[in-house]
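As provided, input00.pdb (PDB, C-alpha atoms) reads as follows.
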```pdb
MODEL        1
ATOM      1  CA  MET A   1    -128.146 200.312 -57.874
ATOM      2  CA  THR A   2    -125.876 198.826 -60.475
ATOM      3  CA  GLU A   3    -125.593 199.795 -64.116
ATOM      4  CA  ASP A   4    -126.777 196.344 -65.260
ATOM      5  CA  ASN A   5    -129.894 196.658 -63.102
ATOM      6  CA  THR A   6    -131.096 199.812 -64.887
ATOM      7  CA  GLN A   7    -130.755 198.567 -68.445
ATOM      8  CA  LYS A   8    -132.674 195.267 -68.270
ATOM      9  CA  ILE A   9    -135.498 196.306 -70.561
ATOM     10  CA  ASP A  10    -136.382 195.140 -74.038
ATOM     11  CA  GLU A  11    -135.645 197.792 -76.676
ATOM     12  CA  SER A  12    -139.168 197.415 -78.121
ATOM     13  CA  VAL A  13    -140.663 198.254 -74.702
ATOM     14  CA  LEU A  14    -138.518 201.371 -74.484
ATOM     15  CA  LYS A  15    -139.580 202.417 -78.004
ATOM     16  CA  GLU A  16    -143.246 201.862 -77.073
ATOM     17  CA  ILE A  17    -142.868 204.045 -73.976
ATOM     18  CA  GLU A  18    -141.241 206.785 -76.060
ATOM     19  CA  SER A  19    -144.031 206.494 -78.647
ATOM     20  CA  ARG A  20    -146.677 206.683 -75.932
ATOM     21  CA  LEU A  21    -145.006 209.780 -74.497
ATOM     22  CA  LEU A  22    -145.228 211.508 -77.867
ATOM     23  CA  LYS A  23    -148.924 210.618 -78.190
ATOM     24  CA  TRP A  24    -149.654 211.857 -74.668
ATOM     25  CA  ARG A  25    -147.828 215.136 -75.285
ATOM     26  CA  ILE A  26    -149.778 215.719 -78.498
ATOM     27  CA  GLY A  27    -153.007 214.737 -76.748
ATOM     28  CA  ALA A  28    -152.352 217.113 -73.852
ATOM     29  CA  ASN A  29    -151.612 219.948 -76.267
ATOM     30  CA  LEU A  30    -154.742 219.264 -78.333
ATOM     31  CA  LEU A  31    -156.940 219.074 -75.243
ATOM     32  CA  SER A  32    -155.523 222.351 -73.921
ATOM     33  CA  VAL A  33    -155.952 224.153 -77.238
ATOM     34  CA  GLY A  34    -159.434 222.666 -77.679
ATOM     35  CA  LEU A  35    -160.445 223.763 -74.197
ATOM     36  CA  ILE A  36    -159.224 227.305 -74.842
ATOM     37  CA  LEU A  37    -160.992 227.513 -78.211
ATOM     38  CA  ILE A  38    -164.298 226.066 -76.998
ATOM     39  CA  GLY A  39    -164.157 228.238 -73.879
ATOM     40  CA  PHE A  40    -163.481 231.343 -75.930
ATOM     41  CA  LEU A  41    -166.349 230.462 -78.284
ATOM     42  CA  ALA A  42    -168.723 229.965 -75.351
ATOM     43  CA  VAL A  43    -167.807 233.273 -73.711
ATOM     44  CA  ALA A  44    -167.804 235.229 -76.980
ATOM     45  CA  CYS A  45    -171.231 233.878 -77.924
ATOM     46  CA  SER A  46    -172.615 234.674 -74.464
ATOM     47  CA  VAL A  47    -171.287 238.237 -74.606
ATOM     48  CA  PHE A  48    -172.645 238.663 -78.141
ATOM     49  CA  VAL A  49    -176.121 237.553 -77.075
ATOM     50  CA  SER A  50    -176.205 239.867 -74.067
ATOM     51  CA  ALA A  51    -174.775 242.835 -75.995
ATOM     52  CA  PHE A  52    -176.856 242.554 -79.152
ATOM     53  CA  ILE A  53    -180.194 241.154 -78.035
ATOM     54  CA  GLY A  54    -182.879 243.310 -79.617
ATOM     55  CA  LEU A  55    -180.436 244.670 -82.186
ATOM     56  CA  VAL A  56    -179.887 241.449 -84.133
ATOM     57  CA  ASP A  57    -182.520 239.183 -85.649
ATOM     58  CA  GLU A  58    -184.010 236.827 -83.032
ATOM     59  CA  GLY A  59    -183.168 233.757 -85.139
ATOM     60  CA  HIS A  60    -179.484 234.666 -85.144
ATOM     61  CA  ILE A  61    -179.535 235.346 -81.396
ATOM     62  CA  ARG A  62    -181.066 231.897 -80.789
ATOM     63  CA  ILE A  63    -178.377 230.183 -82.868
ATOM     64  CA  ILE A  64    -175.582 232.051 -81.091
ATOM     65  CA  ALA A  65    -177.139 231.356 -77.672
ATOM     66  CA  ALA A  66    -177.431 227.664 -78.550
ATOM     67  CA  THR A  67    -173.774 227.644 -79.626
ATOM     68  CA  ALA A  68    -172.769 229.098 -76.256
ATOM     69  CA  THR A  69    -174.852 226.511 -74.418
ATOM     70  CA  VAL A  70    -173.462 223.601 -76.424
ATOM     71  CA  SER A  71    -169.899 224.872 -75.881
ATOM     72  CA  PHE A  72    -170.319 225.151 -72.110
ATOM     73  CA  THR A  73    -172.021 221.746 -72.054
ATOM     74  CA  ILE A  74    -169.142 220.075 -73.907
ATOM     75  CA  ILE A  75    -166.597 221.581 -71.514
ATOM     76  CA  ASN A  76    -168.547 220.474 -68.455
ATOM     77  CA  ALA A  77    -169.941 217.139 -69.615
ATOM     78  CA  PHE A  78    -166.548 215.829 -70.684
ATOM     79  CA  ASN A  79    -164.719 217.646 -67.874
ATOM     80  CA  LEU A  80    -162.178 218.910 -70.400
ATOM     81  CA  LYS A  81    -160.192 220.964 -67.890
ATOM     82  CA  THR A  82    -159.500 217.948 -65.679
ATOM     83  CA  MET A  83    -158.924 215.679 -68.669
ATOM     84  CA  ALA A  84    -156.309 218.048 -70.135
ATOM     85  CA  SER A  85    -154.612 218.361 -66.763
ATOM     86  CA  ASN A  86    -154.582 214.589 -66.188
ATOM     87  CA  VAL A  87    -153.010 213.872 -69.577
ATOM     88  CA  ARG A  88    -150.365 216.557 -69.019
ATOM     89  CA  ASN A  89    -149.572 215.226 -65.519
ATOM     90  CA  GLY A  90    -149.338 211.634 -66.777
ATOM     91  CA  TRP A  91    -146.976 212.768 -69.528
ATOM     92  CA  LYS A  92    -144.800 214.707 -67.051
ATOM     93  CA  ASN A  93    -144.636 211.742 -64.682
ATOM     94  CA  LEU A  94    -143.563 209.252 -67.351
ATOM     95  CA  ASN A  95    -141.248 211.708 -69.099
ATOM     96  CA  ALA A  96    -139.353 212.359 -65.862
ATOM     97  CA  ALA A  97    -139.131 208.625 -65.202
ATOM     98  CA  LEU A  98    -137.734 208.001 -68.697
ATOM     99  CA  TYR A  99    -135.015 210.611 -68.147
ATOM    100  CA  LYS A 100    -134.182 209.052 -64.797
ATOM    101  CA  PHE A 101    -134.027 205.593 -66.391
ATOM    102  CA  LYS A 102    -131.773 206.768 -69.210
ATOM    103  CA  SER A 103    -129.460 208.441 -66.690
ATOM    104  CA  LYS A 104    -129.421 205.204 -64.636
ATOM    105  CA  GLN A 105    -131.148 206.702 -61.599
ATOM    106  CA  ILE A 106    -134.003 204.168 -61.617
ATOM    107  CA  THR A 107    -134.417 200.546 -62.715
ATOM    108  CA  ALA A 108    -136.438 199.139 -65.596
ATOM    109  CA  LYS A 109    -138.981 197.894 -63.051
ATOM    110  CA  ASP A 110    -139.320 201.429 -61.668
ATOM    111  CA  LEU A 111    -139.857 202.750 -65.197
ATOM    112  CA  ILE A 112    -142.619 200.215 -65.872
ATOM    113  CA  ASN A 113    -144.230 201.127 -62.527
ATOM    114  CA  LYS A 114    -144.154 204.801 -63.512
ATOM    115  CA  TYR A 115    -145.759 203.894 -66.837
ATOM    116  CA  GLU A 116    -148.615 202.145 -65.013
ATOM    117  CA  GLU A 117    -148.922 205.051 -62.587
ATOM    118  CA  SER A 118    -149.094 207.492 -65.493
ATOM    119  CA  GLU A 119    -151.794 205.427 -67.223
ATOM    120  CA  HIS A 120    -153.890 205.662 -64.052
ATOM    121  CA  MET A 121    -153.293 209.419 -63.838
ATOM    122  CA  ILE A 122    -154.626 209.896 -67.337
ATOM    123  CA  GLY A 123    -157.744 207.832 -66.707
ATOM    124  CA  THR A 124    -160.554 207.486 -69.219
ATOM    125  CA  VAL A 125    -162.996 209.714 -71.073
ATOM    126  CA  GLU A 126    -166.090 210.227 -68.984
ATOM    127  CA  PHE A 127    -169.390 211.782 -69.945
ATOM    128  CA  ASN A 128    -171.250 213.311 -67.024
ATOM    129  CA  PHE A 129    -174.633 214.562 -68.226
ATOM    130  CA  ASN A 130    -175.870 215.358 -64.713
ATOM    131  CA  LYS A 131    -172.868 217.558 -63.927
ATOM    132  CA  SER A 132    -173.280 219.326 -67.244
ATOM    133  CA  LYS A 133    -176.987 219.894 -66.674
ATOM    134  CA  GLU A 134    -176.393 221.204 -63.146
ATOM    135  CA  GLU A 135    -173.733 223.680 -64.250
ATOM    136  CA  THR A 136    -175.589 224.824 -67.376
ATOM    137  CA  TYR A 137    -179.036 224.984 -65.746
ATOM    138  CA  PRO A 138    -178.445 225.367 -61.977
ATOM    139  CA  ASN A 139    -182.150 225.834 -61.132
ATOM    140  CA  ILE A 140    -183.324 222.587 -62.778
ATOM    141  CA  LYS A 141    -183.489 219.611 -60.442
TER     142      LYS A 141
ENDMDL
END
```

Would you mind writing the structure in this file as structure tokens?
Amino acid sequence: MTEDNTQKIDESVLKEIESRLLKWRIGANLLSVGLILIGFLAVACSVFVSAFIGLVDEGHIRIIAATATVSFTIINAFNLKTMASNVRNGWKNLNAALYKFKSKQITAKDLINKYEESEHMIGTVEFNFNKSKEETYPNIK
């Protein structure tokens, strides 16, 4: 591979890829933190309900139980664990390709292919009510 072959890319395309990388990194971090916080809330509310049922007003127990259920439902319905992992993996894939491009190990075409590959890794936001219902209420068909 020649030096000229690796640098045939418009500067605006390179800037867009770098901008997209920043957005994906921030997105991956936010999804991971959000998953941890919602998961912690769900578990803490579940433990609170089981530990204090009969000791705390029934209205408060219902609200806390509903909070736990909504938290678990959000995690499962949006498949947050997989979504966070996919965004992180897409970022890693494109980030490595950008370093390889800048060090002249791959061509501009290879970089664009890695960008497309990373986009597919990230995927889209999906809402899966049936999966959420099955995991939250396993005995309901």

- Find the spatial neighbours of region 122-127 of chain A, counting all atoms listed in the file, within a cut-off of 6 Å - ignore same-chain residues fewer than 6 positions away - and output them as a ChimeraX atom specification. /A:77-78,86-87,90

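For the set A:Tyr99, A:Phe48, A:Tyr115, A:Phe72, the residue with the smallest atom-to-atom gap to Leu35 (chain A) is A:Phe72, counting only C-alpha atoms.
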
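You will find CA of Asn128 (chain A) at 10.5 Å from CA of Ile75 (chain A).
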
- Any idea what's packed within 8 Å of Leu31 (chain A), counting only C-alpha atoms, ignoring anything in its chain fewer than 5 positions away? Could you give it as an MDAnalysis selection string? chainID A and resid 80 83:84

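Relative to CA of Ile36 (chain A), CA of His60 (chain A) is found at 23.9 Å.
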
Check what the PyMOL selection byres ((chain A and resi 10-24) around 8) selects in the file above and give those residues as a PDB file with C-alpha atoms, in the frame of the given file.
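Result file follows (selection00.pdb):
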```
ATOM      1  CA  LYS A   8    -132.674 195.267 -68.270  1.00  0.00           C
ATOM      2  CA  ILE A   9    -135.498 196.306 -70.561  1.00  0.00           C
ATOM      3  CA  ARG A  25    -147.828 215.136 -75.285  1.00  0.00           C
ATOM      4  CA  ILE A  26    -149.778 215.719 -78.498  1.00  0.00           C
ATOM      5  CA  GLY A  27    -153.007 214.737 -76.748  1.00  0.00           C
ATOM      6  CA  ALA A  28    -152.352 217.113 -73.852  1.00  0.00           C
ATOM      7  CA  VAL A  87    -153.010 213.872 -69.577  1.00  0.00           C
ATOM      8  CA  ARG A  88    -150.365 216.557 -69.019  1.00  0.00           C
ATOM      9  CA  GLY A  90    -149.338 211.634 -66.777  1.00  0.00           C
ATOM     10  CA  TRP A  91    -146.976 212.768 -69.528  1.00  0.00           C
ATOM     11  CA  LEU A  94    -143.563 209.252 -67.351  1.00  0.00           C
ATOM     12  CA  ASN A  95    -141.248 211.708 -69.099  1.00  0.00           C
ATOM     13  CA  TYR A 115    -145.759 203.894 -66.837  1.00  0.00           C
TER      14      TYR A 115
END
```

- Message: Could you list, as a PyMOL selection string, every residue within 9 Å of region 41-43 of chain A, counting all atoms listed in the file and ignoring same-chain residues fewer than 3 positions away?
- Response: chain A and resi 36-38+46-48+65+67-72

Selected residues written out with C-alpha atoms, as a JSON list (two decimals), in the frame of the given file:
```
[["chain", "number", "residue", "atom", "x", "y", "z"],
["A", 36, "ILE", "CA", -159.22, 227.30, -74.84],
["A", 37, "LEU", "CA", -160.99, 227.51, -78.21],
["A", 38, "ILE", "CA", -164.30, 226.07, -77.00],
["A", 46, "SER", "CA", -172.62, 234.67, -74.46],
["A", 47, "VAL", "CA", -171.29, 238.24, -74.61],
["A", 48, "PHE", "CA", -172.64, 238.66, -78.14],
["A", 65, "ALA", "CA", -177.14, 231.36, -77.67],
["A", 67, "THR", "CA", -173.77, 227.64, -79.63],
["A", 68, "ALA", "CA", -172.77, 229.10, -76.26],
["A", 69, "THR", "CA", -174.85, 226.51, -74.42],
["A", 70, "VAL", "CA", -173.46, 223.60, -76.42],
["A", 71, "SER", "CA", -169.90, 224.87, -75.88],
["A", 72, "PHE", "CA", -170.32, 225.15, -72.11]]
```

Would you mind listing what lies within 9 Å of Leu111 (chain A) as an mmCIF file with C-alpha atoms, in the frame of the given file, with all atoms listed in the file counted and same-chain residues fewer than 2 positions away left out?
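part_14.cif, freshly written:
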```
data_model
loop_
_atom_site.group_PDB
_atom_site.id
_atom_site.type_symbol
_atom_site.label_atom_id
_atom_site.label_comp_id
_atom_site.auth_asym_id
_atom_site.auth_seq_id
_atom_site.Cartn_x
_atom_site.Cartn_y
_atom_site.Cartn_z
ATOM 1 C CA LEU A 94 -143.563 209.252 -67.351
ATOM 2 C CA ALA A 97 -139.131 208.625 -65.202
ATOM 3 C CA LEU A 98 -137.734 208.001 -68.697
ATOM 4 C CA LYS A 100 -134.182 209.052 -64.797
ATOM 5 C CA PHE A 101 -134.027 205.593 -66.391
ATOM 6 C CA ILE A 106 -134.003 204.168 -61.617
ATOM 7 C CA THR A 107 -134.417 200.546 -62.715
ATOM 8 C CA ALA A 108 -136.438 199.139 -65.596
ATOM 9 C CA LYS A 109 -138.981 197.894 -63.051
ATOM 10 C CA ASN A 113 -144.230 201.127 -62.527
ATOM 11 C CA LYS A 114 -144.154 204.801 -63.512
ATOM 12 C CA TYR A 115 -145.759 203.894 -66.837
ATOM 13 C CA GLU A 116 -148.615 202.145 -65.013
#
```

- Task: Take CA of Ile112 (chain A) and CA of Leu30 (chain A) and report the distance between them in Å, one decimal.
- Result: 25.8 Å
